[in-house]
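To start, the structure under review is shown below, and the notes come after it.
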Amino acid sequence: MRGRLIAASAVVLTVLGGTAAYGAWSSSAALAAGGNIASGTFGVTATWSTPLDTTGMYPGQTRTGVLAVAASAGTTSRWVYTLGAPTFAGGLAASMTAVVYPSATCGGTALTLPWTQATLQAASATAQHCVAVTLGASAPSTSQGKTVTVTVPVTGENRSTT
Amino acid sequence: MRKTTKGALAIGAGVALLLGGAGTLANWSDSKNLGANTTISSGTLTIASKTQGTWGWASGATGFAPGTSKLVPGDSIKITDVFTVTALGDHLTATAAYVSPTLSGALASSLQITTALGTVTNKAGNGTVTPTGTTSVAVTSTDSAATTFDVPVTVTITLPSTVSNLTAQTVSAAIADGSVTLTQN
């Protein structure tokens with residue numbers, strides 16, 4: 001009998017189609033463990049540390065006061081401020097002039113207004129400026145018995161804490 | 001026995017041997033074990049936290065306390081975490097990238113957040129490490145030795161100085177974790 005030797009091998013291929021899911025390795029770790037951030041507060045106050053008294057002024061007279069500029073309570077940041085030109089209201093307004101000095105000392109070279117303090121102020125700092133107001137020598141007689149109020153505009157602006 | 005009988009017996013035996021498919025056939029066969037004594041190993045792809053930073057003033061000043069310190073316009077805080085990447089595989093490429101933390105709360109909309117990968121350090125192994133700017137870094141492993149490196153990731157949060165007037169005062173925001181993910185390409 002003639003026999004036959006049959007050798008057979010089979011390879012089965014499984015081909016995944018384009019829409020099938022496949023896995024790729026990935027690993028992750030947490031970034032920047034959470035916390036809380038809070039914002040602060042800022043405001044500016046302007047008061048007369050030495051009151052400016054304009055009562056009973058006569059033509060040619062100058063009166064002075066000291067303006068104190070500070071950041072409001074609770075401020076933790078540095079800050080800067082700008083002084084504007086004083087304004088007047090009342091019966092004497094038309095005859096009044098004013099100058100502002102760099103410090104509480106009423107003398108020397110007056111500031112050119114508006115003027116900005118560029119030096120960073122500490123949160124708790126207080127800046128002082130002498131304000132000198134003058135009733136003009138040519139104030140008319142009709143100025144008698146009149147009053148005036150003086151307003152110095154101050155604008156504060158915060159800067160970064162550090 | 002007569003010859004005729006002998007021939008008949010021989011034919012009968014042959015017929016018995018040639019019976020078709022319904023019967024049992026014996027064929028030569030042989031077998032061997034495929035891949036005998038062969039060990040197959042898989043590689044590694046991991047990213048793990050090495051150093052967890054703490055929030056501080058971006059200027060380098062000390063004294064920042066989360067939730068207690070008060071940010072004002074112009075302030076920035078930052079944190080830097082360091083991660084270790086390990087890649088092991090003869091044909092492995094992967095990319096590490098970040099997902100920035102998210103902010104919530106009344107202060108959130110006024111804050112800006114930026115995230116950046118820093119310079120890779122402590123590289124070991126024969127693979128290559130290729131940063132793409134500050135957004136991602138690719139690693140390639142081409143042999144059976146692990147490629148490892150450290151990568152710092154810095155998150156910076158700023159309350160911009162452009163915040164107008166007195167908005168965003170005395171409010172807060174919560175920071176939710178971001179992540180750094182290493183993904184096989």
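A note on labels: chains of the structure tokens are A, B, ... as shown, every chain counts residues from 1, and ligands are counted from 1 in their shown order.
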Please check the contacts: residues of chain A at most 8 Å away from chain B, using only C-alpha atoms, listed as a compact mmCIF listing (two decimals) with C-alpha atoms, in the first residue's frame.
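Produced file iface.txt, reproduced below:
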# COMPACT_ATOMS: atom_id res chain seq x y z
CA MET A 1 0.00 0.00 0.00
CA LEU A 5 2.57 11.77 4.32
CA ALA A 24 -2.39 52.27 24.92
CA TRP A 25 -0.58 52.66 28.19
CA SER A 26 -1.17 55.81 30.18
CA SER A 27 -0.31 56.99 33.64
CA SER A 28 -1.20 60.17 35.45
CA ALA A 29 -0.44 62.01 38.67
CA ALA A 30 -2.15 64.90 40.44
CA LEU A 31 -0.81 68.41 39.86
CA ALA A 32 -0.88 71.34 42.24
CA ALA A 33 -2.71 70.07 45.29
CA GLY A 34 -5.76 72.20 45.74
CA GLY A 35 -6.14 75.13 48.10
CA ASN A 36 -8.00 78.36 48.48
CA ILE A 37 -7.21 81.86 47.32
CA ALA A 38 -8.69 84.98 48.82
CA SER A 39 -8.58 88.55 47.61
CA GLY A 40 -7.96 91.53 49.82
CA THR A 41 -9.34 95.00 49.96
CA PHE A 42 -8.08 98.44 49.07
CA THR A 76 -2.28 94.60 52.80
CA SER A 77 -0.77 95.71 49.53
CA ASN A 158 -2.91 99.48 44.78
CA ARG A 159 0.23 97.74 43.73
CA SER A 160 1.24 94.10 44.24
CA THR A 161 1.77 92.85 47.72
CA THR A 162 5.36 91.77 47.06
field: strand (DSSP E) residues, from DSSP on the backbone, in chain A, as an MDAnalysis selection string
entry: chainID A and resid 26:31 36:39 44:50 62:71 79:83 87:89 96:100 115:121 126:135 149:151 154:158
Contacts of segment 123-131 of chain A at 10 Å (only C-alpha atoms; same-chain gap of 3+ positions) as a tab-separated table (two decimals) with C-alpha atoms, in the first residue's frame:
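Saved as selection27.tsv:
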chain	number	residue	atom	x	y	z
A	42	PHE	CA	-8.08	98.44	49.07
A	45	THR	CA	-8.56	107.88	52.79
A	46	ALA	CA	-7.80	111.59	52.79
A	47	THR	CA	-8.20	113.58	55.98
A	48	TRP	CA	-6.90	116.87	57.43
A	49	SER	CA	-4.31	115.97	60.01
A	50	THR	CA	-4.01	119.70	60.59
A	51	PRO	CA	-7.36	121.26	59.76
A	52	LEU	CA	-7.48	123.94	57.09
A	63	ARG	CA	-4.08	129.74	55.45
A	64	THR	CA	-2.53	126.24	55.63
A	65	GLY	CA	-3.57	122.79	56.57
A	66	VAL	CA	-1.95	119.35	56.31
A	67	LEU	CA	-3.57	116.69	54.18
A	68	ALA	CA	-3.03	113.08	55.29
A	69	VAL	CA	-3.37	110.36	52.69
A	70	ALA	CA	-3.51	106.72	53.73
A	71	ALA	CA	-4.77	103.34	52.57
A	72	SER	CA	-7.97	102.20	54.20
A	73	ALA	CA	-8.02	99.70	57.04
A	74	GLY	CA	-7.44	96.12	55.96
A	75	THR	CA	-5.16	97.02	53.08
A	76	THR	CA	-2.28	94.60	52.80
A	77	SER	CA	-0.77	95.71	49.53
A	78	ARG	CA	1.52	98.53	48.56
A	79	TRP	CA	-0.02	101.54	46.94
A	80	VAL	CA	0.53	104.83	45.17
A	81	TYR	CA	-1.63	107.95	44.89
A	83	LEU	CA	-3.14	114.51	44.01
A	86	PRO	CA	-7.76	121.67	44.70
A	98	ALA	CA	-4.12	126.93	46.35
A	99	VAL	CA	-0.76	125.21	46.27
A	100	VAL	CA	0.24	121.83	47.57
A	101	TYR	CA	3.70	121.03	48.92
A	102	PRO	CA	5.58	117.72	48.81
A	103	SER	CA	5.45	117.23	52.54
A	104	ALA	CA	3.80	118.52	55.66
A	105	THR	CA	6.21	121.44	55.58
A	106	CYS	CA	4.59	124.49	54.09
A	107	GLY	CA	7.46	125.85	52.07
A	110	ALA	CA	5.12	123.50	45.35
A	111	LEU	CA	3.95	120.45	43.44
A	117	GLN	CA	3.58	109.74	44.15
A	120	LEU	CA	5.47	102.62	46.58
A	150	VAL	CA	-11.69	123.37	49.67
A	152	VAL	CA	-8.35	118.16	47.20
A	158	ASN	CA	-2.91	99.48	44.78
A	159	ARG	CA	0.23	97.74	43.73
A	161	THR	CA	1.77	92.85	47.72
message: Here is a test: counting only C-alpha atoms, which residue of B:Val163, B:Ala116, B:Ala26, B:Ala124 is nearest to Ser141 of chain B?
response: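 Nearest candidate to Ser141 of chain B out of B:Val163, B:Ala116, B:Ala26, B:Ala124: B:Ala124.
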- request: Enter the distance from atom CA of Trp115 of chain A to atom CA of Ala94 of chain A, in Å, rounded to one decimal.
  value: 23.1 Å
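With atom CA of Gln61 of chain A on one side and atom CA of Thr134 of chain A on the other, the separation reads 5.6 Å.
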message: Write out as a ChimeraX atom specification the set of residues from segment 8-149 of chain B that DSSP, computed on the backbone, places in alpha helix (DSSP H).
response: /B:8-17
Take the residues from that selection and put them in a file with N, CA and C atoms, as a short mmCIF file (atom, residue, chain, number, x, y, z; two decimals), in the first residue's frame.
data_model
loop_
_atom_site.label_atom_id
_atom_site.label_comp_id
_atom_site.auth_asym_id
_atom_site.auth_seq_id
_atom_site.Cartn_x
_atom_site.Cartn_y
_atom_site.Cartn_z
N ALA B 8 -7.26 -14.16 -1.42
CA ALA B 8 -8.50 -13.54 -0.98
C ALA B 8 -8.32 -12.89 0.37
N LEU B 9 -7.62 -13.48 1.22
CA LEU B 9 -7.39 -12.92 2.53
C LEU B 9 -6.59 -11.62 2.42
N ALA B 10 -5.62 -11.64 1.50
CA ALA B 10 -4.78 -10.45 1.35
C ALA B 10 -5.59 -9.29 0.83
N ILE B 11 -6.45 -9.59 -0.14
CA ILE B 11 -7.28 -8.54 -0.69
C ILE B 11 -8.24 -8.01 0.36
N GLY B 12 -8.79 -8.90 1.07
CA GLY B 12 -9.72 -8.46 2.13
C GLY B 12 -9.02 -7.55 3.13
N ALA B 13 -7.81 -7.87 3.47
CA ALA B 13 -7.09 -7.03 4.44
C ALA B 13 -6.82 -5.66 3.86
N GLY B 14 -6.47 -5.67 2.53
CA GLY B 14 -6.21 -4.40 1.89
C GLY B 14 -7.46 -3.55 1.84
N VAL B 15 -8.57 -4.18 1.56
CA VAL B 15 -9.83 -3.45 1.52
C VAL B 15 -10.14 -2.88 2.88
N ALA B 16 -9.89 -3.66 3.85
CA ALA B 16 -10.15 -3.15 5.21
C ALA B 16 -9.30 -1.93 5.48
N LEU B 17 -8.12 -1.94 5.01
CA LEU B 17 -7.24 -0.80 5.25
C LEU B 17 -7.66 0.45 4.49
#
message: If I take atom CA of Thr87 of chain A and atom CA of Gly43 of chain A, how far is one from the other in Å, to one decimal?
response: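 So the answer is 21.9 Å.
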